[in-house]
Amino acid sequence: MRYSKLFIPTLKEVPAEAEVISHKLMLRAGMIRKLASGLYTYLPLGLRSIRKVENIVREEMNRAGAQELLMPIVQPAELWEESGRWDKMGKELLRFKDRHDRPMCLGPTHEEVITDLVRKEVRSYRDLPLILYQIQTKFRDERRPRFGLMRGREFIMKDAYSFDVDEDALDESYQKMYDAYCRIFERCGLNFRAVEADTGAIGGSCSHEFMVLADTGEDKIAVCTACNYAANVELAPCKRQNDKIDEKEKELKLIPTPGKKTIEEVSSFLGVSNKELIKTLIIKTDDKVIAALIRGDHELNDVKLTHVLGVDGVELADEETVKKVTGAPVGFAGPIGLDESIEVIADYSTFNMKNFVVGANKQEHHYINCNWERDIPRNRVRFADIRIITEEDTCPKCGSKIEIKRGIEVGHVFKLGTKYSEALGATYLDSNGKERPIIMGCYGIGIGRSVAASIEQNHDENGIIFPVTIAPFEVIISLLNPKDIELKDVAEKIYVNLQEEGIEVLLDDRDVRPGVKFKDADLIGIPLRITIGKRFKDKGLVELYERKSGNMKDISLDDVIYKVRDKIKSLK
């Protein structure tokens, strides 16, 4: 491909709309353009990288025994009603009606569609195991699309689904997909971790997220410094603290705290640390209100609390509900004197606290020197792990130090079990002729998100530094003076020879200043650059530059092809 013929509308300035580096660089490098909120056009350069990721995914899926198909993006409502997700999915599911007034939706995922297909076609245990996948557009009507391809509304996804006769067979399929994912992200040149995760709206019994480690990641993950344990902070368990505090109980006192609502304000006003406070959060669930108690320096874990309560979701109560339950405005809730109908759930870390501070359920007042049993009977409280893990905690697996890192989710694998097969009646006949529900798993990869995540990990002040396996081109030839016939002939010869070797090469034949060519080559992130200019005129040498390392070598014309070929092989 010749640069002069390729549509690469690069930008010098950083677009105001872009917040994270991948969004900025993909816009500046002419890889994407915004159509509307969360909707992007993939330009030729961006699409080439996306197709590279797709090809890697396809090769590894096929290698693992999965078979490719393609399902419609438009899905009938009745399938979602059968699974029970038509109402549960919320506003992210874009609903509409066709010309016959039949309710439909744009597919955010395809569990219902694939299960419907398999229930109609699979009859016997002899038809299983089966793994089917597709690479296709999805649509989720995100409340707040942001970060370019990181959180768009329309996106390209690889979704795979496994169908097995029992849990042991599911374990085998799950491991196949897990191993395939590791190979995929390794081949994409990503620094990633597979972490234990919550199953969320997809459901199921077990899941792992594949996280690309990056400071700009939206997700937080707990990583052990000693063993291989890693988990999303939503799921990482906190060990129960059994250390008893050797301290005498002090007299409970009601203290005025005028205008002090937040943990920081109250602790500063009272001259105590955040660890000496217990904050009471009034929480609304599906059908009731509860009080959640956690230490002042900790954060409530909504996912853990949801699991403890056995509900679909939780949210902080509104001001009106808080005042109705506690008799005081937001900021002064406490466990003392709450109505018996309000369930109280406290985090394990509060179990042995003494002489702590709590809200008094009275405007601008708190209690100090509160103690369990005397002031709050423990049999009134359910203790559980309901907080987010911190770096002060230890590894749940080996007890070593935990680090909290940021990650970008690029893949997710789930053991679904019979969640969808039972709901939609997908069964098979076993060897004894008995009908049994098919055991399912599902496995997703964000294709565009993987490209964006790679940029988050691989960039510098000059632009993108693509791994060679997903770079739009492997080599760029910078012809510094296209009007010089000798230099042009040399560039053309190298260009043709590289193509004959199967190397993807971009010839920058534009009549612009050398500095512009170098800046553009760095911006779009091509791994290798061959410069043809004055040094060839003087010494018969061309310059080979490696974008990632910055290494630069002069090589003879005779050596160019095999040097480039060997370098590309070493980078893959």
# chains A, B, ... in the order shown; residues from 1 in each chain; ligands from 1
$ residues_around --residues "Val289 in chain A" --least-positions-apart "6" --cutoff "7 Å" --atoms "only C-alpha atoms" --output "compact mmCIF listing (two decimals) with all heavy atoms, in the first residue's frame"
# COMPACT_ATOMS: atom_id res chain seq x y z
N ILE A 282 -27.60 3.03 54.31
CA ILE A 282 -28.97 2.55 54.12
C ILE A 282 -29.11 2.12 52.66
O ILE A 282 -28.90 2.91 51.74
CB ILE A 282 -30.00 3.63 54.49
CG1 ILE A 282 -29.75 4.12 55.93
CG2 ILE A 282 -31.41 3.08 54.34
CD1 ILE A 282 -29.80 3.04 57.00
N ILE A 283 -29.44 0.85 52.47
CA ILE A 283 -29.42 0.23 51.15
C ILE A 283 -30.81 -0.26 50.76
O ILE A 283 -31.51 -0.88 51.57
CB ILE A 283 -28.45 -0.97 51.14
CG1 ILE A 283 -27.03 -0.54 51.55
CG2 ILE A 283 -28.44 -1.65 49.78
CD1 ILE A 283 -26.34 0.38 50.58
N ILE A 342 -35.62 -3.46 60.23
CA ILE A 342 -34.48 -3.17 59.35
C ILE A 342 -33.36 -4.17 59.63
O ILE A 342 -32.80 -4.20 60.73
CB ILE A 342 -33.95 -1.73 59.56
CG1 ILE A 342 -35.06 -0.71 59.36
CG2 ILE A 342 -32.77 -1.47 58.62
CD1 ILE A 342 -35.64 -0.70 57.96
$ residues_around --residues "Lys248 in chain A" --least-positions-apart "3" --cutoff "9 Å" --atoms "only C-alpha atoms" --output "list in words"
Ile245, Lys354 and Asn355 of chain A
$ write_last_selection --atoms "N, CA, C and O atoms" --output "JSON list (two decimals), in the first residue's frame"
[["chain", "number", "residue", "atom", "x", "y", "z"],
["A", 245, "ILE", "N", -9.35, -6.60, 70.39],
["A", 245, "ILE", "CA", -8.73, -5.35, 70.85],
["A", 245, "ILE", "C", -8.75, -5.33, 72.38],
["A", 245, "ILE", "O", -9.81, -5.41, 73.01],
["A", 354, "LYS", "N", -13.87, -1.79, 69.23],
["A", 354, "LYS", "CA", -14.32, -1.27, 70.51],
["A", 354, "LYS", "C", -14.28, 0.26, 70.50],
["A", 354, "LYS", "O", -13.45, 0.86, 69.81],
["A", 355, "ASN", "N", -15.19, 0.83, 71.25],
["A", 355, "ASN", "CA", -15.21, 2.29, 71.44],
["A", 355, "ASN", "C", -15.18, 3.03, 70.10],
["A", 355, "ASN", "O", -14.41, 3.97, 69.88]]
$ atom_distance --atom1 "CA of Lys419 in chain A" --atom2 "CA of Met157 in chain A"
21.9 Å
$ select_by_dssp --residues "range 221-352 of chain A" --states "strand (DSSP E)" --output "ChimeraX atom specification"
/A:221-224,230-232,253-256,278-284,289-295,315-316,343-347
$ write_last_selection --atoms "N, CA and C atoms" --output "mmCIF file, in the first residue's frame"
data_model
loop_
_atom_site.group_PDB
_atom_site.id
_atom_site.type_symbol
_atom_site.label_atom_id
_atom_site.label_comp_id
_atom_site.auth_asym_id
_atom_site.auth_seq_id
_atom_site.Cartn_x
_atom_site.Cartn_y
_atom_site.Cartn_z
ATOM 1 N N ILE A 221 -8.075 -4.786 40.200
ATOM 2 C CA ILE A 221 -7.878 -6.206 40.464
ATOM 3 C C ILE A 221 -6.881 -6.379 41.603
ATOM 4 N N ALA A 222 -7.142 -7.393 42.414
ATOM 5 C CA ALA A 222 -6.256 -7.736 43.523
ATOM 6 C C ALA A 222 -5.296 -8.813 43.045
ATOM 7 N N VAL A 223 -4.000 -8.528 43.143
ATOM 8 C CA VAL A 223 -2.980 -9.442 42.636
ATOM 9 C C VAL A 223 -2.029 -9.799 43.769
ATOM 10 N N CYS A 224 -1.804 -11.086 43.987
ATOM 11 C CA CYS A 224 -0.873 -11.526 45.024
ATOM 12 C C CYS A 224 0.560 -11.327 44.534
ATOM 13 N N ALA A 230 -5.206 -13.927 41.481
ATOM 14 C CA ALA A 230 -5.651 -12.626 41.003
ATOM 15 C C ALA A 230 -7.169 -12.663 40.895
ATOM 16 N N ALA A 231 -7.819 -11.586 41.298
ATOM 17 C CA ALA A 231 -9.280 -11.535 41.236
ATOM 18 C C ALA A 231 -9.724 -10.092 41.121
ATOM 19 N N ASN A 232 -10.853 -9.891 40.473
ATOM 20 C CA ASN A 232 -11.477 -8.578 40.467
ATOM 21 C C ASN A 232 -11.809 -8.220 41.916
ATOM 22 N N LYS A 253 -21.349 8.181 74.545
ATOM 23 C CA LYS A 253 -21.695 9.604 74.622
ATOM 24 C C LYS A 253 -22.248 10.091 73.289
ATOM 25 N N LEU A 254 -23.259 10.953 73.384
ATOM 26 C CA LEU A 254 -23.840 11.599 72.215
ATOM 27 C C LEU A 254 -23.138 12.941 72.020
ATOM 28 N N ILE A 255 -22.509 13.115 70.868
ATOM 29 C CA ILE A 255 -21.686 14.298 70.622
ATOM 30 C C ILE A 255 -22.251 15.093 69.443
ATOM 31 N N PRO A 256 -22.444 16.405 69.613
ATOM 32 C CA PRO A 256 -22.861 17.235 68.478
ATOM 33 C C PRO A 256 -21.740 17.282 67.420
ATOM 34 N N ILE A 278 -17.511 3.474 62.242
ATOM 35 C CA ILE A 278 -18.301 2.527 61.468
ATOM 36 C C ILE A 278 -19.369 3.334 60.750
ATOM 37 N N LYS A 279 -19.354 3.276 59.416
ATOM 38 C CA LYS A 279 -20.379 4.012 58.664
ATOM 39 C C LYS A 279 -21.554 3.090 58.384
ATOM 40 N N THR A 280 -22.735 3.649 58.518
ATOM 41 C CA THR A 280 -23.976 2.918 58.298
ATOM 42 C C THR A 280 -24.588 3.387 56.991
ATOM 43 N N LEU A 281 -24.690 2.484 56.040
ATOM 44 C CA LEU A 281 -25.236 2.812 54.725
ATOM 45 C C LEU A 281 -26.626 2.206 54.609
ATOM 46 N N ILE A 282 -27.598 3.028 54.310
ATOM 47 C CA ILE A 282 -28.966 2.545 54.124
ATOM 48 C C ILE A 282 -29.110 2.123 52.659
ATOM 49 N N ILE A 283 -29.439 0.848 52.469
ATOM 50 C CA ILE A 283 -29.422 0.227 51.148
ATOM 51 C C ILE A 283 -30.810 -0.264 50.759
ATOM 52 N N LYS A 284 -31.187 0.002 49.510
ATOM 53 C CA LYS A 284 -32.444 -0.526 48.979
ATOM 54 C C LYS A 284 -32.146 -1.767 48.135
ATOM 55 N N VAL A 289 -35.462 -2.588 52.692
ATOM 56 C CA VAL A 289 -34.362 -1.677 53.030
ATOM 57 C C VAL A 289 -33.538 -2.323 54.120
ATOM 58 N N ILE A 290 -32.199 -2.275 53.973
ATOM 59 C CA ILE A 290 -31.319 -2.836 55.007
ATOM 60 C C ILE A 290 -30.259 -1.801 55.376
ATOM 61 N N ALA A 291 -29.581 -2.055 56.481
ATOM 62 C CA ALA A 291 -28.475 -1.194 56.912
ATOM 63 C C ALA A 291 -27.178 -1.996 56.795
ATOM 64 N N ALA A 292 -26.204 -1.466 56.074
ATOM 65 C CA ALA A 292 -24.902 -2.119 55.901
ATOM 66 C C ALA A 292 -23.859 -1.344 56.688
ATOM 67 N N LEU A 293 -23.106 -2.056 57.529
ATOM 68 C CA LEU A 293 -22.102 -1.427 58.384
ATOM 69 C C LEU A 293 -20.700 -1.823 57.934
ATOM 70 N N ILE A 294 -19.862 -0.839 57.661
ATOM 71 C CA ILE A 294 -18.467 -1.113 57.317
ATOM 72 C C ILE A 294 -17.564 -0.098 58.004
ATOM 73 N N ARG A 295 -16.304 -0.480 58.177
ATOM 74 C CA ARG A 295 -15.337 0.395 58.830
ATOM 75 C C ARG A 295 -15.142 1.664 58.002
ATOM 76 N N GLU A 315 -28.740 -0.793 45.824
ATOM 77 C CA GLU A 315 -28.378 0.601 45.552
ATOM 78 C C GLU A 315 -28.553 1.414 46.827
ATOM 79 N N LEU A 316 -27.795 2.518 46.902
ATOM 80 C CA LEU A 316 -27.939 3.406 48.057
ATOM 81 C C LEU A 316 -29.335 4.002 48.071
ATOM 82 N N GLU A 343 -33.049 -5.010 58.648
ATOM 83 C CA GLU A 343 -31.953 -5.964 58.809
ATOM 84 C C GLU A 343 -30.627 -5.223 58.810
ATOM 85 N N VAL A 344 -29.738 -5.614 59.733
ATOM 86 C CA VAL A 344 -28.419 -4.993 59.840
ATOM 87 C C VAL A 344 -27.358 -6.024 59.453
ATOM 88 N N ILE A 345 -26.550 -5.692 58.457
ATOM 89 C CA ILE A 345 -25.451 -6.559 58.026
ATOM 90 C C ILE A 345 -24.150 -5.794 58.198
ATOM 91 N N ALA A 346 -23.218 -6.360 58.955
ATOM 92 C CA ALA A 346 -21.951 -5.693 59.244
ATOM 93 C C ALA A 346 -20.786 -6.487 58.669
ATOM 94 N N ASP A 347 -19.785 -5.781 58.172
ATOM 95 C CA ASP A 347 -18.604 -6.453 57.647
ATOM 96 C C ASP A 347 -17.811 -7.105 58.772
#
$ select_by_dssp --residues "range 214-451 of chain A" --states "alpha helix (DSSP H)" --output "VMD selection string"
chain A and resid 263 to 270 302 to 309 319 to 326 419 to 424 447 to 451
$ write_last_selection --atoms "N, CA and C atoms" --output "CSV table (one decimal), in the first residue's frame"
chain,number,residue,atom,x,y,z
A,263,ILE,N,-17.1,10.8,56.4
A,263,ILE,CA,-16.1,10.1,57.3
A,263,ILE,C,-15.0,11.0,57.6
A,264,GLU,N,-14.4,11.7,56.6
A,264,GLU,CA,-13.3,12.6,56.8
A,264,GLU,C,-13.6,13.7,57.7
A,265,GLU,N,-14.8,14.3,57.5
A,265,GLU,CA,-15.2,15.5,58.3
A,265,GLU,C,-15.4,15.1,59.8
A,266,VAL,N,-16.1,13.9,60.0
A,266,VAL,CA,-16.4,13.5,61.4
A,266,VAL,C,-15.1,13.1,62.1
A,267,SER,N,-14.2,12.3,61.4
A,267,SER,CA,-13.0,11.8,62.1
A,267,SER,C,-12.1,13.0,62.4
A,268,SER,N,-12.0,14.0,61.5
A,268,SER,CA,-11.2,15.2,61.8
A,268,SER,C,-11.7,16.0,62.9
A,269,PHE,N,-13.0,16.1,63.0
A,269,PHE,CA,-13.7,16.9,64.0
A,269,PHE,C,-13.5,16.3,65.4
A,270,LEU,N,-13.6,14.9,65.4
A,270,LEU,CA,-13.5,14.2,66.7
A,270,LEU,C,-12.1,13.8,67.1
A,302,ASP,N,-20.7,-3.8,46.5
A,302,ASP,CA,-22.1,-4.0,46.1
A,302,ASP,C,-22.3,-5.5,45.7
A,303,VAL,N,-21.4,-6.0,44.9
A,303,VAL,CA,-21.5,-7.4,44.4
A,303,VAL,C,-21.6,-8.4,45.6
A,304,LYS,N,-20.7,-8.3,46.5
A,304,LYS,CA,-20.7,-9.2,47.7
A,304,LYS,C,-22.0,-9.1,48.4
A,305,LEU,N,-22.4,-7.8,48.7
A,305,LEU,CA,-23.7,-7.6,49.4
A,305,LEU,C,-24.8,-8.2,48.7
A,306,THR,N,-24.9,-8.1,47.3
A,306,THR,CA,-25.9,-8.7,46.5
A,306,THR,C,-26.0,-10.2,46.7
A,307,HIS,N,-24.8,-10.8,46.7
A,307,HIS,CA,-24.7,-12.3,46.9
A,307,HIS,C,-25.1,-12.7,48.4
A,308,VAL,N,-24.7,-11.9,49.4
A,308,VAL,CA,-25.1,-12.2,50.8
A,308,VAL,C,-26.6,-12.1,50.9
A,309,LEU,N,-27.2,-11.1,50.3
A,309,LEU,CA,-28.7,-11.0,50.4
A,309,LEU,C,-29.5,-11.9,49.5
A,319,GLU,N,-32.5,10.1,49.7
A,319,GLU,CA,-32.6,10.9,50.9
A,319,GLU,C,-33.9,10.8,51.6
A,320,GLU,N,-35.0,10.7,50.9
A,320,GLU,CA,-36.3,10.5,51.5
A,320,GLU,C,-36.4,9.2,52.3
A,321,THR,N,-35.9,8.1,51.7
A,321,THR,CA,-35.9,6.8,52.4
A,321,THR,C,-35.0,6.8,53.6
A,322,VAL,N,-33.8,7.4,53.5
A,322,VAL,CA,-32.9,7.5,54.6
A,322,VAL,C,-33.5,8.2,55.8
A,323,LYS,N,-34.2,9.3,55.5
A,323,LYS,CA,-34.8,10.1,56.6
A,323,LYS,C,-36.0,9.3,57.2
A,324,LYS,N,-36.7,8.6,56.4
A,324,LYS,CA,-37.8,7.8,56.9
A,324,LYS,C,-37.4,6.7,57.8
A,325,VAL,N,-36.2,6.0,57.4
A,325,VAL,CA,-35.7,4.9,58.2
A,325,VAL,C,-35.0,5.3,59.5
A,326,THR,N,-34.2,6.4,59.4
A,326,THR,CA,-33.3,6.8,60.5
A,326,THR,C,-33.9,8.0,61.3
A,419,LYS,N,-28.4,-22.6,33.3
A,419,LYS,CA,-29.2,-21.3,33.4
A,419,LYS,C,-30.1,-21.1,32.2
A,420,TYR,N,-29.5,-21.2,31.0
A,420,TYR,CA,-30.3,-20.9,29.8
A,420,TYR,C,-30.9,-22.2,29.2
A,421,SER,N,-30.2,-23.3,29.4
A,421,SER,CA,-30.8,-24.6,28.8
A,421,SER,C,-32.1,-25.0,29.5
A,422,GLU,N,-32.1,-24.8,30.8
A,422,GLU,CA,-33.4,-25.1,31.5
A,422,GLU,C,-34.5,-24.1,31.2
A,423,ALA,N,-34.1,-22.8,31.1
A,423,ALA,CA,-35.1,-21.8,30.8
A,423,ALA,C,-35.7,-22.0,29.4
A,424,LEU,N,-34.9,-22.4,28.4
A,424,LEU,CA,-35.3,-22.5,27.1
A,424,LEU,C,-35.6,-23.9,26.6
A,447,ILE,N,-13.1,-7.3,20.5
A,447,ILE,CA,-12.1,-7.2,19.5
A,447,ILE,C,-11.5,-5.7,19.4
A,448,GLY,N,-12.3,-4.8,19.2
A,448,GLY,CA,-11.9,-3.4,19.2
A,448,GLY,C,-11.3,-2.9,20.5
A,449,ARG,N,-11.8,-3.4,21.6
A,449,ARG,CA,-11.3,-3.1,22.9
A,449,ARG,C,-9.9,-3.6,23.1
A,450,SER,N,-9.6,-4.8,22.5
A,450,SER,CA,-8.3,-5.4,22.6
A,450,SER,C,-7.2,-4.5,21.9
A,451,VAL,N,-7.6,-3.9,20.7
A,451,VAL,CA,-6.7,-3.0,20.0
A,451,VAL,C,-6.5,-1.7,20.9
$ closest_residue --among "A:Gly337, A:Gln241, A:Arg193, A:His365" --to "Thr257 in chain A" --atoms "only C-alpha atoms"
A:His365
$ residues_around --residues "range 163-168 of chain A" --least-positions-apart "5" --cutoff "7 Å" --atoms "only C-alpha atoms" --output "VMD selection string"
chain A and resid 125 128 to 131 438 to 441
$ residues_around --residues "Lys517 in chain A" --least-positions-apart "4" --cutoff "7 Å" --atoms "only C-alpha atoms" --output "PyMOL selection string"
chain A and resi 478+513+521
$ write_last_selection --atoms "C-alpha atoms" --output "compact mmCIF listing (two decimals), in the first residue's frame"
# COMPACT_ATOMS: atom_id res chain seq x y z
CA SER A 478 10.10 6.41 4.37
CA ARG A 513 9.16 17.07 4.62
CA ALA A 521 5.29 6.86 11.18
$ closest_residue --among "A:Glu299, A:Asp554, A:Glu364, A:Asp116" --to "Gly331 in chain A" --atoms "only C-alpha atoms"
A:Glu364
$ atom_distance --atom1 "CA of Leu277 in chain A" --atom2 "CA of Glu403 in chain A"
24.6 Å
$ closest_residue --among "A:Cys370, A:Val14, A:Val195, A:Leu25" --to "Ile524 in chain A" --atoms "only C-alpha atoms"
A:Leu25
$ closest_residue --among "A:Asp171, A:Met552, A:Cys442, A:Val560" --to "Tyr495 in chain A" --atoms "only C-alpha atoms"
A:Val560
$ atom_distance --atom1 "CA of Tyr3 in chain A" --atom2 "CA of Arg510 in chain A"
6.7 Å
$ closest_residue --among "A:Ile470, A:Val74, A:Leu170, A:Leu69" --to "Glu186 in chain A" --atoms "only C-alpha atoms"
A:Ile470
$ residues_around --residues "Tyr229 in chain A" --least-positions-apart "6" --cutoff "12 Å" --atoms "only C-alpha atoms" --output "list in words"
Arg193, Ala194, Val195, Glu196, Ala197, His208, Ile221, Ala222, Val223, Ala236, Pro237, Thr394, Cys395, Pro396, Lys397, Cys398, Gly399, Ser400, Lys401, Ile402 and Glu403 of chain A
